[in-house]
Amino acid sequence: MFPKNYVKSFGNAFIGFKSFFKVESNAYLHSIAGIIVIVSGIFFKIELEEWLWLILAITLVFLTEMFNSAIEELCNLYSTEINPKIKIIKDISAAAVLIATFFAIIIGVIIFKPYLF
């Protein structure tokens, strides 16, 4: 079957996923948005290619938010005091999430506009 270290790695990944939802309040917002998009895709019976773009967009937002959360936690571990360098790091990380979110919104508009209008 699977070696023990693979099972442990999967276990650690699930713990990380659970921690992400504990630490990051935006995780719930992204989850709700993702569920709405998926339900809308089912309702409008979108094409396979459209599904691929939506899944890519949803995944990209989650990944960037997870990296952002990990970077913020790492920065907080280094120093909880106000530090201009750490602020730059956190701001750049947050900007990545913003870009991914804009990408997802653009993809959503392109895909769902023909079904709505």
# chains A, B, ... in the order shown; residues from 1 in each chain; ligands from 1

call {"tool": "residues_around", "arguments": {"residues": "Val61 (chain A)", "least_positions_apart": "3", "cutoff": "7 Å", "atoms": "only C-alpha atoms", "output": "compact mmCIF listing (two decimals) with C-alpha atoms, in the first residue's frame"}}
result
# COMPACT_ATOMS: atom_id res chain seq x y z
CA ALA A 57 -9.43 30.47 -11.17
CA ILE A 58 -10.84 29.02 -7.93
CA THR A 64 -2.45 32.47 -3.29
CA GLU A 65 -4.53 32.95 -0.13
CA VAL A 97 -4.14 37.40 -3.65
CA ALA A 100 -5.61 36.20 -8.36
CA THR A 101 -9.02 37.43 -7.24

call {"tool": "residues_around", "arguments": {"residues": "region 70-83 of chain A", "least_positions_apart": "4", "cutoff": "10 Å", "atoms": "only C-alpha atoms", "output": "list in words"}}
result
Gly16, Phe20, Val23, Glu24, Thr64, Glu65, Met66, Lys87, Ile88, Ile89, Lys90, Asp91, Ser93 and Ala94 of chain A

call {"tool": "write_last_selection", "arguments": {"atoms": "C-alpha atoms", "output": "PDB file, in the first residue's frame"}}
result
ATOM      1  CA  GLY A  16      -2.573  22.505   7.173  1.00  0.00           C
ATOM      2  CA  PHE A  20      -5.856  27.613   7.047  1.00  0.00           C
ATOM      3  CA  VAL A  23      -6.331  31.306  10.822  1.00  0.00           C
ATOM      4  CA  GLU A  24      -7.722  32.950   7.684  1.00  0.00           C
ATOM      5  CA  THR A  64      -2.454  32.465  -3.285  1.00  0.00           C
ATOM      6  CA  GLU A  65      -4.526  32.951  -0.127  1.00  0.00           C
ATOM      7  CA  MET A  66      -2.834  29.936   1.460  1.00  0.00           C
ATOM      8  CA  LYS A  87       4.987  45.224   6.112  1.00  0.00           C
ATOM      9  CA  ILE A  88       6.367  45.234   2.565  1.00  0.00           C
ATOM     10  CA  ILE A  89       6.507  41.425   2.550  1.00  0.00           C
ATOM     11  CA  LYS A  90       2.916  41.143   3.798  1.00  0.00           C
ATOM     12  CA  ASP A  91       1.669  43.801   1.372  1.00  0.00           C
ATOM     13  CA  SER A  93       1.790  38.756  -0.521  1.00  0.00           C
ATOM     14  CA  ALA A  94      -1.660  40.336  -0.169  1.00  0.00           C
TER      15      ALA A  94
END

call {"tool": "atom_distance", "arguments": {"atom1": "CA of Leu54 (chain A)", "atom2": "CA of Gly108 (chain A)"}}
result
7.0 Å

call {"tool": "select_by_dssp", "arguments": {"residues": "region 1-85 of chain A", "states": "alpha helix (DSSP H)", "output": "ChimeraX atom specification"}}
result
/A:4-23,26-44,48-78,84-85

call {"tool": "write_last_selection", "arguments": {"atoms": "C-alpha atoms", "output": "PDB file, in the first residue's frame"}}
result
ATOM      1  CA  LYS A   4       3.942   5.496   6.239  1.00  0.00           C
ATOM      2  CA  ASN A   5       5.662   8.753   5.276  1.00  0.00           C
ATOM      3  CA  TYR A   6       3.140   9.285   2.430  1.00  0.00           C
ATOM      4  CA  VAL A   7       0.235   8.775   4.806  1.00  0.00           C
ATOM      5  CA  LYS A   8       1.853  11.159   7.298  1.00  0.00           C
ATOM      6  CA  SER A   9       2.403  13.744   4.541  1.00  0.00           C
ATOM      7  CA  PHE A  10      -1.262  13.601   3.557  1.00  0.00           C
ATOM      8  CA  GLY A  11      -2.213  13.900   7.223  1.00  0.00           C
ATOM      9  CA  ASN A  12      -0.006  16.969   7.594  1.00  0.00           C
ATOM     10  CA  ALA A  13      -1.548  18.486   4.472  1.00  0.00           C
ATOM     11  CA  PHE A  14      -5.061  18.025   5.880  1.00  0.00           C
ATOM     12  CA  ILE A  15      -3.939  19.573   9.182  1.00  0.00           C
ATOM     13  CA  GLY A  16      -2.573  22.505   7.173  1.00  0.00           C
ATOM     14  CA  PHE A  17      -5.868  22.857   5.331  1.00  0.00           C
ATOM     15  CA  LYS A  18      -7.760  22.833   8.630  1.00  0.00           C
ATOM     16  CA  SER A  19      -5.324  25.394  10.083  1.00  0.00           C
ATOM     17  CA  PHE A  20      -5.856  27.613   7.047  1.00  0.00           C
ATOM     18  CA  PHE A  21      -9.574  27.821   7.832  1.00  0.00           C
ATOM     19  CA  LYS A  22      -8.838  28.529  11.519  1.00  0.00           C
ATOM     20  CA  VAL A  23      -6.331  31.306  10.822  1.00  0.00           C
ATOM     21  CA  ASN A  26     -11.142  35.027   4.069  1.00  0.00           C
ATOM     22  CA  ALA A  27     -11.008  31.254   3.550  1.00  0.00           C
ATOM     23  CA  TYR A  28     -14.732  31.068   4.259  1.00  0.00           C
ATOM     24  CA  LEU A  29     -15.472  33.952   1.908  1.00  0.00           C
ATOM     25  CA  HIS A  30     -13.476  32.285  -0.882  1.00  0.00           C
ATOM     26  CA  SER A  31     -15.212  28.968  -0.166  1.00  0.00           C
ATOM     27  CA  ILE A  32     -18.667  30.525  -0.411  1.00  0.00           C
ATOM     28  CA  ALA A  33     -17.712  32.315  -3.637  1.00  0.00           C
ATOM     29  CA  GLY A  34     -16.317  29.067  -5.055  1.00  0.00           C
ATOM     30  CA  ILE A  35     -19.470  27.152  -4.148  1.00  0.00           C
ATOM     31  CA  ILE A  36     -21.662  29.835  -5.755  1.00  0.00           C
ATOM     32  CA  VAL A  37     -19.569  29.665  -8.928  1.00  0.00           C
ATOM     33  CA  ILE A  38     -19.720  25.856  -9.042  1.00  0.00           C
ATOM     34  CA  VAL A  39     -23.488  25.803  -8.456  1.00  0.00           C
ATOM     35  CA  SER A  40     -23.910  28.472 -11.151  1.00  0.00           C
ATOM     36  CA  GLY A  41     -21.827  26.394 -13.551  1.00  0.00           C
ATOM     37  CA  ILE A  42     -24.039  23.380 -12.906  1.00  0.00           C
ATOM     38  CA  PHE A  43     -27.206  25.476 -13.258  1.00  0.00           C
ATOM     39  CA  PHE A  44     -26.130  27.010 -16.582  1.00  0.00           C
ATOM     40  CA  LEU A  48     -15.952  21.585 -20.303  1.00  0.00           C
ATOM     41  CA  GLU A  49     -13.489  24.313 -21.320  1.00  0.00           C
ATOM     42  CA  GLU A  50     -15.379  26.800 -19.158  1.00  0.00           C
ATOM     43  CA  TRP A  51     -15.193  24.386 -16.223  1.00  0.00           C
ATOM     44  CA  LEU A  52     -11.436  24.145 -16.653  1.00  0.00           C
ATOM     45  CA  TRP A  53     -11.076  27.935 -16.510  1.00  0.00           C
ATOM     46  CA  LEU A  54     -13.322  28.182 -13.449  1.00  0.00           C
ATOM     47  CA  ILE A  55     -11.457  25.426 -11.622  1.00  0.00           C
ATOM     48  CA  LEU A  56      -8.157  27.116 -12.473  1.00  0.00           C
ATOM     49  CA  ALA A  57      -9.427  30.468 -11.168  1.00  0.00           C
ATOM     50  CA  ILE A  58     -10.840  29.021  -7.935  1.00  0.00           C
ATOM     51  CA  THR A  59      -7.670  27.020  -7.305  1.00  0.00           C
ATOM     52  CA  LEU A  60      -5.443  30.020  -7.986  1.00  0.00           C
ATOM     53  CA  VAL A  61      -7.325  32.161  -5.462  1.00  0.00           C
ATOM     54  CA  PHE A  62      -7.107  29.435  -2.804  1.00  0.00           C
ATOM     55  CA  LEU A  63      -3.412  28.800  -3.438  1.00  0.00           C
ATOM     56  CA  THR A  64      -2.454  32.465  -3.285  1.00  0.00           C
ATOM     57  CA  GLU A  65      -4.526  32.951  -0.127  1.00  0.00           C
ATOM     58  CA  MET A  66      -2.834  29.936   1.460  1.00  0.00           C
ATOM     59  CA  PHE A  67       0.635  31.194   0.549  1.00  0.00           C
ATOM     60  CA  ASN A  68      -0.329  34.642   1.820  1.00  0.00           C
ATOM     61  CA  SER A  69      -1.457  33.165   5.144  1.00  0.00           C
ATOM     62  CA  ALA A  70       1.708  31.089   5.470  1.00  0.00           C
ATOM     63  CA  ILE A  71       3.895  34.112   4.713  1.00  0.00           C
ATOM     64  CA  GLU A  72       2.005  36.236   7.257  1.00  0.00           C
ATOM     65  CA  GLU A  73       2.350  33.534   9.920  1.00  0.00           C
ATOM     66  CA  LEU A  74       6.065  33.233   9.192  1.00  0.00           C
ATOM     67  CA  CYS A  75       6.504  37.010   9.425  1.00  0.00           C
ATOM     68  CA  ASN A  76       4.590  37.069  12.728  1.00  0.00           C
ATOM     69  CA  LEU A  77       6.834  34.306  14.037  1.00  0.00           C
ATOM     70  CA  TYR A  78       9.879  36.422  13.203  1.00  0.00           C
ATOM     71  CA  PRO A  84       8.622  48.280   7.681  1.00  0.00           C
ATOM     72  CA  LYS A  85      10.349  45.365   5.910  1.00  0.00           C
TER      73      LYS A  85
END

call {"tool": "decode", "arguments": {"residues": "region 39-82 of chain A", "atoms": "N, CA and C atoms", "output": "compact mmCIF listing (two decimals), in the first residue's frame"}}
result
# COMPACT_ATOMS: atom_id res chain seq x y z
N VAL A 39 -22.04 26.00 -8.32
CA VAL A 39 -23.49 25.80 -8.46
C VAL A 39 -24.01 26.53 -9.70
N SER A 40 -23.50 27.73 -9.95
CA SER A 40 -23.91 28.47 -11.15
C SER A 40 -23.49 27.73 -12.42
N GLY A 41 -22.29 27.16 -12.40
CA GLY A 41 -21.83 26.39 -13.55
C GLY A 41 -22.71 25.19 -13.82
N ILE A 42 -23.13 24.52 -12.75
CA ILE A 42 -24.04 23.38 -12.91
C ILE A 42 -25.39 23.86 -13.43
N PHE A 43 -25.90 24.94 -12.86
CA PHE A 43 -27.21 25.48 -13.26
C PHE A 43 -27.22 25.87 -14.74
N PHE A 44 -26.17 26.54 -15.19
CA PHE A 44 -26.13 27.01 -16.58
C PHE A 44 -25.58 25.96 -17.55
N LYS A 45 -25.18 24.80 -17.02
CA LYS A 45 -24.65 23.71 -17.85
C LYS A 45 -23.51 24.22 -18.74
N ILE A 46 -22.50 24.79 -18.10
CA ILE A 46 -21.38 25.35 -18.86
C ILE A 46 -20.56 24.25 -19.51
N GLU A 47 -19.79 24.62 -20.51
CA GLU A 47 -18.98 23.68 -21.29
C GLU A 47 -17.74 23.24 -20.51
N LEU A 48 -17.14 22.14 -20.95
CA LEU A 48 -15.95 21.59 -20.30
C LEU A 48 -14.82 22.61 -20.23
N GLU A 49 -14.56 23.31 -21.31
CA GLU A 49 -13.49 24.31 -21.32
C GLU A 49 -13.76 25.41 -20.30
N GLU A 50 -15.02 25.78 -20.15
CA GLU A 50 -15.38 26.80 -19.16
C GLU A 50 -15.15 26.28 -17.74
N TRP A 51 -15.46 25.00 -17.53
CA TRP A 51 -15.19 24.39 -16.22
C TRP A 51 -13.70 24.43 -15.90
N LEU A 52 -12.88 24.14 -16.88
CA LEU A 52 -11.44 24.15 -16.65
C LEU A 52 -10.96 25.53 -16.22
N TRP A 53 -11.45 26.56 -16.88
CA TRP A 53 -11.08 27.93 -16.51
C TRP A 53 -11.57 28.29 -15.11
N LEU A 54 -12.79 27.89 -14.78
CA LEU A 54 -13.32 28.18 -13.45
C LEU A 54 -12.54 27.46 -12.37
N ILE A 55 -12.23 26.19 -12.61
CA ILE A 55 -11.46 25.43 -11.62
C ILE A 55 -10.07 26.03 -11.45
N LEU A 56 -9.46 26.45 -12.55
CA LEU A 56 -8.16 27.12 -12.47
C LEU A 56 -8.26 28.39 -11.64
N ALA A 57 -9.27 29.20 -11.88
CA ALA A 57 -9.43 30.47 -11.17
C ALA A 57 -9.67 30.24 -9.68
N ILE A 58 -10.55 29.32 -9.34
CA ILE A 58 -10.84 29.02 -7.93
C ILE A 58 -9.59 28.50 -7.24
N THR A 59 -8.89 27.59 -7.88
CA THR A 59 -7.67 27.02 -7.31
C THR A 59 -6.61 28.09 -7.11
N LEU A 60 -6.45 28.96 -8.08
CA LEU A 60 -5.44 30.02 -7.99
C LEU A 60 -5.73 30.94 -6.80
N VAL A 61 -6.98 31.30 -6.60
CA VAL A 61 -7.33 32.16 -5.46
C VAL A 61 -7.01 31.45 -4.15
N PHE A 62 -7.39 30.18 -4.03
CA PHE A 62 -7.11 29.44 -2.80
C PHE A 62 -5.60 29.30 -2.57
N LEU A 63 -4.86 28.96 -3.60
CA LEU A 63 -3.41 28.80 -3.44
C LEU A 63 -2.74 30.10 -3.01
N THR A 64 -3.09 31.20 -3.66
CA THR A 64 -2.45 32.47 -3.29
C THR A 64 -2.86 32.88 -1.87
N GLU A 65 -4.09 32.62 -1.49
CA GLU A 65 -4.53 32.95 -0.13
C GLU A 65 -3.79 32.08 0.89
N MET A 66 -3.58 30.82 0.55
CA MET A 66 -2.83 29.94 1.46
C MET A 66 -1.37 30.38 1.60
N PHE A 67 -0.74 30.70 0.48
CA PHE A 67 0.64 31.19 0.55
C PHE A 67 0.69 32.50 1.33
N ASN A 68 -0.27 33.38 1.10
CA ASN A 68 -0.33 34.64 1.82
C ASN A 68 -0.43 34.39 3.33
N SER A 69 -1.29 33.48 3.72
CA SER A 69 -1.46 33.17 5.14
C SER A 69 -0.18 32.58 5.73
N ALA A 70 0.46 31.69 4.99
CA ALA A 70 1.71 31.09 5.47
C ALA A 70 2.80 32.15 5.62
N ILE A 71 2.89 33.04 4.66
CA ILE A 71 3.89 34.11 4.71
C ILE A 71 3.61 35.03 5.90
N GLU A 72 2.35 35.38 6.12
CA GLU A 72 2.01 36.24 7.26
C GLU A 72 2.34 35.55 8.58
N GLU A 73 2.03 34.27 8.69
CA GLU A 73 2.35 33.53 9.92
C GLU A 73 3.86 33.48 10.15
N LEU A 74 4.60 33.26 9.09
CA LEU A 74 6.06 33.23 9.19
C LEU A 74 6.61 34.60 9.62
N CYS A 75 6.08 35.65 9.04
CA CYS A 75 6.50 37.01 9.43
C CYS A 75 6.17 37.29 10.89
N ASN A 76 4.98 36.87 11.33
CA ASN A 76 4.59 37.07 12.73
C ASN A 76 5.46 36.26 13.68
N LEU A 77 5.93 35.12 13.23
CA LEU A 77 6.83 34.31 14.04
C LEU A 77 8.17 35.02 14.22
N TYR A 78 8.61 35.68 13.17
CA TYR A 78 9.88 36.42 13.20
C TYR A 78 9.78 37.63 14.12
N SER A 79 8.68 38.39 13.99
CA SER A 79 8.52 39.60 14.80
C SER A 79 7.06 40.01 14.83
N THR A 80 6.57 40.30 16.04
CA THR A 80 5.20 40.81 16.17
C THR A 80 5.18 42.33 16.25
N GLU A 81 6.35 42.92 16.33
CA GLU A 81 6.45 44.38 16.37
C GLU A 81 6.32 44.95 14.95
N ILE A 82 5.95 46.23 14.88
CA ILE A 82 5.83 46.89 13.58
C ILE A 82 7.22 46.98 12.95
